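Below is input_19.cif, holding mmCIF, C-alpha atoms and all ligand atoms.
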```cif
data_final
loop_
_atom_site.group_PDB
_atom_site.id
_atom_site.type_symbol
_atom_site.label_atom_id
_atom_site.label_comp_id
_atom_site.auth_asym_id
_atom_site.auth_seq_id
_atom_site.Cartn_x
_atom_site.Cartn_y
_atom_site.Cartn_z
ATOM 1 C CA MET B 1 3.545 -9.168 6.905
ATOM 2 C CA ALA B 2 1.828 -7.875 10.031
ATOM 3 C CA LEU B 3 -1.367 -6.159 11.041
ATOM 4 C CA LEU B 4 -0.635 -2.780 12.651
ATOM 5 C CA ASN B 5 -2.621 -1.013 15.380
ATOM 6 C CA ILE B 6 -4.615 1.969 14.056
ATOM 7 C CA LEU B 7 -4.723 5.045 16.341
ATOM 8 C CA HIS B 8 -8.180 6.414 17.086
ATOM 9 C CA TYR B 9 -9.175 10.095 17.199
ATOM 10 C CA PRO B 10 -8.702 12.092 19.468
ATOM 11 C CA ASP B 11 -5.330 10.397 20.127
ATOM 12 C CA PRO B 12 -2.745 13.269 20.156
ATOM 13 C CA ARG B 13 -0.290 11.158 18.127
ATOM 14 C CA LEU B 14 -2.592 11.682 15.110
ATOM 15 C CA HIS B 15 -1.475 15.345 15.127
ATOM 16 C CA LYS B 16 2.269 14.654 14.771
ATOM 17 C CA VAL B 17 3.917 15.896 11.568
ATOM 18 C CA ALA B 18 5.651 13.134 9.571
ATOM 19 C CA THR B 19 9.231 13.552 8.345
ATOM 20 C CA PRO B 20 10.427 12.783 4.796
ATOM 21 C CA VAL B 21 11.867 9.320 4.102
ATOM 22 C CA ALA B 22 15.632 9.622 3.520
ATOM 23 C CA SER B 23 16.000 6.340 1.620
ATOM 24 C CA VAL B 24 13.436 3.793 0.376
ATOM 25 C CA ASP B 25 15.018 0.694 1.904
ATOM 26 C CA ASP B 26 13.736 -2.696 3.105
ATOM 27 C CA SER B 27 12.327 -1.187 6.315
ATOM 28 C CA ILE B 28 10.146 1.189 4.244
ATOM 29 C CA ARG B 29 9.087 -1.678 1.928
ATOM 30 C CA ARG B 30 8.124 -3.690 5.042
ATOM 31 C CA LEU B 31 6.165 -0.700 6.365
ATOM 32 C CA ILE B 32 4.309 -0.401 3.013
ATOM 33 C CA SER B 33 3.429 -4.138 3.043
ATOM 34 C CA ASP B 34 2.229 -3.980 6.652
ATOM 35 C CA MET B 35 0.193 -0.830 5.984
ATOM 36 C CA ALA B 36 -1.407 -2.447 2.916
ATOM 37 C CA GLU B 37 -2.337 -5.560 4.896
ATOM 38 C CA THR B 38 -3.790 -3.363 7.672
ATOM 39 C CA MET B 39 -5.772 -1.234 5.176
ATOM 40 C CA TYR B 40 -7.263 -4.283 3.368
ATOM 41 C CA ALA B 41 -8.123 -6.014 6.661
ATOM 42 C CA ALA B 42 -9.881 -2.938 8.131
ATOM 43 C CA PRO B 43 -11.267 -2.631 5.354
ATOM 44 C CA GLY B 44 -10.355 0.760 3.945
ATOM 45 C CA ILE B 45 -9.295 2.446 0.726
ATOM 46 C CA GLY B 46 -6.299 4.306 2.147
ATOM 47 C CA LEU B 47 -3.954 4.521 5.109
ATOM 48 C CA ALA B 48 -1.232 6.953 6.210
ATOM 49 C CA ALA B 49 1.807 5.931 8.282
ATOM 50 C CA THR B 50 0.736 8.490 10.944
ATOM 51 C CA GLN B 51 -2.356 6.345 11.636
ATOM 52 C CA VAL B 52 -0.161 3.417 12.662
ATOM 53 C CA ASP B 53 2.077 5.684 14.789
ATOM 54 C CA VAL B 54 4.936 5.791 12.281
ATOM 55 C CA HIS B 55 5.733 9.435 11.562
ATOM 56 C CA LYS B 56 7.252 9.092 8.085
ATOM 57 C CA ARG B 57 5.827 10.429 4.802
ATOM 58 C CA VAL B 58 4.321 7.186 3.488
ATOM 59 C CA ILE B 59 0.736 6.510 2.345
ATOM 60 C CA VAL B 60 -1.018 3.593 0.648
ATOM 61 C CA VAL B 61 -4.218 3.821 -1.403
ATOM 62 C CA ASP B 62 -6.434 1.365 -3.294
ATOM 63 C CA VAL B 63 -9.772 2.707 -4.556
ATOM 64 C CA SER B 64 -10.351 -0.142 -7.056
ATOM 65 C CA GLU B 65 -13.528 -2.250 -6.866
ATOM 66 C CA LYS B 66 -11.621 -5.519 -6.509
ATOM 67 C CA GLY B 67 -8.970 -4.148 -4.147
ATOM 68 C CA ASP B 68 -6.145 -5.224 -6.421
ATOM 69 C CA GLU B 69 -4.633 -1.856 -7.391
ATOM 70 C CA LEU B 70 -2.412 -0.905 -4.479
ATOM 71 C CA GLN B 71 -0.539 2.370 -4.855
ATOM 72 C CA ALA B 72 2.185 3.395 -2.416
ATOM 73 C CA PHE B 73 3.446 6.967 -2.213
ATOM 74 C CA VAL B 74 6.660 7.847 -0.401
ATOM 75 C CA ASN B 75 7.351 11.574 0.197
ATOM 76 C CA PRO B 76 4.237 12.622 -1.793
ATOM 77 C CA VAL B 77 3.938 16.248 -2.916
ATOM 78 C CA ILE B 78 0.911 17.812 -4.619
ATOM 79 C CA LEU B 79 2.079 19.856 -7.611
ATOM 80 C CA GLU B 80 -1.328 20.969 -8.933
ATOM 81 C CA ARG B 81 -4.893 21.248 -7.646
ATOM 82 C CA ASN B 82 -7.862 21.864 -9.957
ATOM 83 C CA GLY B 83 -11.611 22.213 -9.423
ATOM 84 C CA GLU B 84 -13.597 21.425 -6.298
ATOM 85 C CA ALA B 85 -15.689 18.454 -5.265
ATOM 86 C CA GLU B 86 -17.648 17.646 -2.135
ATOM 87 C CA ARG B 87 -17.483 13.960 -1.166
ATOM 88 C CA GLU B 88 -18.496 11.893 1.815
ATOM 89 C CA GLU B 89 -15.386 10.800 3.736
ATOM 90 C CA GLY B 90 -14.714 8.247 6.418
ATOM 91 C CA CYS B 91 -11.545 7.467 8.345
ATOM 92 C CA LEU B 92 -10.256 4.303 9.976
ATOM 93 C CA SER B 93 -9.050 6.545 12.835
ATOM 94 C CA VAL B 94 -12.566 7.950 13.328
ATOM 95 C CA PRO B 95 -14.656 4.761 13.140
ATOM 96 C CA GLY B 96 -18.344 5.059 12.312
ATOM 97 C CA ILE B 97 -18.199 8.789 11.427
ATOM 98 C CA TYR B 98 -18.841 9.933 7.851
ATOM 99 C CA ASP B 99 -19.279 13.497 6.623
ATOM 100 C CA LYS B 100 -18.871 15.661 3.545
ATOM 101 C CA VAL B 101 -15.619 17.492 2.855
ATOM 102 C CA THR B 102 -14.799 19.808 -0.073
ATOM 103 C CA ARG B 103 -11.381 19.284 -1.683
ATOM 104 C CA ALA B 104 -9.726 19.684 -5.084
ATOM 105 C CA ASP B 105 -11.359 17.388 -7.655
ATOM 106 C CA GLN B 106 -8.171 16.868 -9.666
ATOM 107 C CA ILE B 107 -4.591 16.828 -8.471
ATOM 108 C CA VAL B 108 -1.148 16.090 -9.820
ATOM 109 C CA VAL B 109 0.976 14.295 -7.228
ATOM 110 C CA GLU B 110 4.672 13.397 -7.334
ATOM 111 C CA ALA B 111 6.181 10.739 -5.074
ATOM 112 C CA LEU B 112 8.644 7.844 -4.879
ATOM 113 C CA ASP B 113 7.406 4.289 -5.412
ATOM 114 C CA ARG B 114 8.360 1.268 -3.279
ATOM 115 C CA HIS B 115 11.622 0.960 -5.213
ATOM 116 C CA GLY B 116 12.557 4.589 -4.658
ATOM 117 C CA ASN B 117 11.755 5.586 -8.258
ATOM 118 C CA PRO B 118 10.031 8.963 -8.753
ATOM 119 C CA PHE B 119 6.636 9.035 -10.489
ATOM 120 C CA ARG B 120 3.968 11.608 -11.242
ATOM 121 C CA LEU B 121 0.241 10.836 -11.221
ATOM 122 C CA GLN B 122 -2.788 12.813 -12.321
ATOM 123 C CA ALA B 123 -5.673 11.777 -10.083
ATOM 124 C CA GLU B 124 -9.336 12.731 -10.024
ATOM 125 C CA GLY B 125 -12.546 11.786 -8.253
ATOM 126 C CA LEU B 126 -12.346 9.409 -5.302
ATOM 127 C CA LEU B 127 -8.629 8.714 -5.886
ATOM 128 C CA ALA B 128 -7.839 12.457 -5.656
ATOM 129 C CA THR B 129 -9.987 12.765 -2.511
ATOM 130 C CA CYS B 130 -8.323 9.765 -0.894
ATOM 131 C CA ILE B 131 -4.756 10.935 -1.661
ATOM 132 C CA GLN B 132 -5.533 14.400 -0.202
ATOM 133 C CA HIS B 133 -7.158 12.820 2.890
ATOM 134 C CA GLU B 134 -4.089 10.594 3.464
ATOM 135 C CA MET B 135 -1.635 13.458 2.875
ATOM 136 C CA ASP B 136 -3.513 15.516 5.484
ATOM 137 C CA HIS B 137 -2.742 12.737 8.003
ATOM 138 C CA LEU B 138 0.990 13.242 7.280
ATOM 139 C CA VAL B 139 0.740 16.841 8.510
ATOM 140 C CA GLY B 140 -1.320 15.827 11.547
ATOM 141 C CA LYS B 141 -4.731 16.773 10.160
ATOM 142 C CA VAL B 142 -7.781 14.520 10.560
ATOM 143 C CA PHE B 143 -10.795 15.021 8.233
ATOM 144 C CA VAL B 144 -13.116 15.984 11.119
ATOM 145 C CA GLU B 145 -11.092 19.208 11.448
ATOM 146 C CA TYR B 146 -12.926 20.403 8.299
ATOM 147 C CA LEU B 147 -16.228 20.112 10.199
ATOM 148 C CA SER B 148 -17.768 22.712 12.546
ATOM 149 C CA PRO B 149 -16.382 22.951 16.123
ATOM 150 C CA LEU B 150 -19.777 21.684 17.349
ATOM 151 C CA LYS B 151 -19.551 18.534 15.208
ATOM 152 C CA GLN B 152 -15.901 18.005 16.233
ATOM 153 C CA ASN B 153 -16.814 18.160 19.924
ATOM 154 C CA ARG B 154 -19.716 15.749 19.461
ATOM 155 C CA ILE B 155 -17.442 13.295 17.623
ATOM 156 C CA LYS B 156 -14.734 13.551 20.332
ATOM 157 C CA THR B 157 -17.280 12.924 23.095
ATOM 158 C CA LYS B 158 -18.803 9.969 21.215
ATOM 159 C CA LEU B 159 -15.437 8.315 20.506
ATOM 160 C CA ARG B 160 -14.110 8.907 24.056
ATOM 161 C CA LYS B 161 -17.298 7.350 25.464
ATOM 162 C CA ARG B 162 -17.019 4.416 23.063
ATOM 163 C CA ALA B 163 -13.333 3.882 23.995
ATOM 164 C CA ARG B 164 -14.266 3.756 27.712
ATOM 165 C CA THR B 165 -17.046 1.215 27.190
ATOM 166 C CA THR B 166 -14.989 -1.060 24.939
ATOM 167 C CA LEU B 167 -11.941 -1.275 27.243
HETATM 168 O O1 LIG A 201 -8.467 6.151 7.506
HETATM 169 C C1 LIG A 201 -8.220 6.423 6.354
HETATM 170 O O2 LIG A 201 -7.516 7.363 6.068
HETATM 171 C C2 LIG A 201 -8.827 5.557 5.294
HETATM 172 C C3 LIG A 201 -10.144 6.061 4.747
HETATM 173 C C4 LIG A 201 -9.873 6.719 3.418
HETATM 174 C C5 LIG A 201 -10.945 7.579 2.812
HETATM 175 C C6 LIG A 201 -12.238 7.147 2.657
HETATM 176 C C7 LIG A 201 -13.187 7.950 2.049
HETATM 177 C C8 LIG A 201 -12.836 9.188 1.586
HETATM 178 C C9 LIG A 201 -11.548 9.633 1.756
HETATM 179 C C10 LIG A 201 -10.595 8.824 2.346
HETATM 180 C C11 LIG A 201 -11.070 4.858 4.598
HETATM 181 O O3 LIG A 201 -10.779 3.946 3.918
HETATM 182 S S1 LIG A 201 -12.569 4.881 5.481
HETATM 183 C C12 LIG A 201 -13.357 3.356 4.978
HETATM 184 C C13 LIG A 201 -13.908 3.408 3.591
HETATM 185 O O4 LIG A 201 -14.034 4.461 3.012
HETATM 186 C C14 LIG A 201 -14.304 2.144 2.916
HETATM 187 C C15 LIG A 201 -14.314 0.960 3.549
HETATM 188 C C16 LIG A 201 -14.672 -0.198 2.876
HETATM 189 C C17 LIG A 201 -15.036 -0.156 1.577
HETATM 190 C C18 LIG A 201 -15.050 1.045 0.903
HETATM 191 C C19 LIG A 201 -14.686 2.203 1.567
HETATM 192 ZN ZN ZN A 202 -8.134 8.920 7.600
#
```

Please lay out the structure from this file as structure tokens.
Ligand code: K1U
Ligand code: ZN
Amino acid sequence: MALLNILHYPDPRLHKVATPVASVDDSIRRLISDMAETMYAAPGIGLAATQVDVHKRVIVVDVSEKGDELQAFVNPVILERNGEAEREEGCLSVPGIYDKVTRADQIVVEALDRHGNPFRLQAEGLLATCIQHEMDHLVGKVFVEYLSPLKQNRIKTKLRKRARTTL
């Protein structure tokens, strides 16, 4: 396994659109393992392949207390969205910034697992929020884009300044 480099907002590569995985082979299983290791080390509760500069439709999520319930989703598609919930979100690509975002409270998602088998999951609460946040990354959307233009500009300035002083 390997730790992968996480891109930081406003890196333009975070806005690339990921392409579907044609076949869940050993290279995808390796990517899932490396993404999981990177997510746990950060630490975080989710990670999208886009964030590690791999533009394929793969996400990993683990919202469990102990961090022992890894879920990998290849080619995820949301089939249903129900209700609304506002939750505080963070992002490993936007370090130190947290803000509230409104999303569906319950979703039904279909994807392939690490063996290429299709599965369907009904998710709610933090798990639903996290899956939607990660799937946004796959279409090049970062959670700060839900915030006002003023907040987005402040965040960009702060992170650019921080990147310059930590070089
Ligand atoms: O960068 C990411 O996409 C991961 C992100 C996922 C997320 C968090 C909160 C709401 C929606 C999506 C994170 O994991 S940020 C870090 C974080 O939330 C966390 C870190 C340590 C312990 C518990 C949570
Ligand atoms: Zn994120």

_Distance query range 148-151 of chain B at most 12 Å, all atoms listed in the file, self and fewer than 5 positions along chain excluded, as a PyMOL selection string_ = chain B and resi 97-101+143+156-158

_On this structure, the PyMOL selection byres (((chain B and resi 8) around 8) and not hetatm) would catch which residues? List them as a list in words, sorted by chain and number._
Ile6, Leu7, Tyr9, Pro10, Asp11, Leu14, Gln51, Leu92, Ser93, Val94 and Pro95 of chain B

*Go through B:Leu121, B:Met35, B:Leu126, B:Ile155 one by one, measure the shortest atom-to-atom distance of each to ligand LIG 201 (chain A) using only C-alpha atoms and all ligand atoms, and give the residue with the smallest value.*
B:Leu126

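Using only C-alpha atoms, every residue with an atom at most 7 Å from the point (-18.0, 3.0, 18.6) is listed here: Pro95, Gly96, Leu159 and Arg162 of chain B.
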
*In file coordinates, which residues lie within 10 Å of (-3.8, 13.0, 2.4) using only C-alpha atoms, given as a list in words?*
Gly46, Leu47, Ala48, Ile59, Val60, Val61, Pro76, Val77, Ile78, Ala128, Thr129, Cys130, Ile131, Gln132, His133, Glu134, Met135, Asp136, His137, Leu138, Val139, Gly140, Lys141, Val142 and Phe143 of chain B

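Considering all atoms listed in the file, the residue among B:Ile107, B:Ala49, B:Met1, B:Val54 positioned nearest to Ala123 in chain B is B:Ile107.
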
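In this model, the gap between atom C9 of ligand LIG 201 (chain A) and CA of Glu86 in chain B comes to 10.8 Å.
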
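Rounded to one decimal, atom O4 of ligand LIG 201 (chain A) and CA of Gly90 in chain B lie 5.1 Å from each other.
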
*Return the single residue from B:Arg160, B:Arg87, B:Arg30, B:Arg57 that is closest to His115 in chain B, with distances computed using all atoms listed in the file.*
B:Arg30
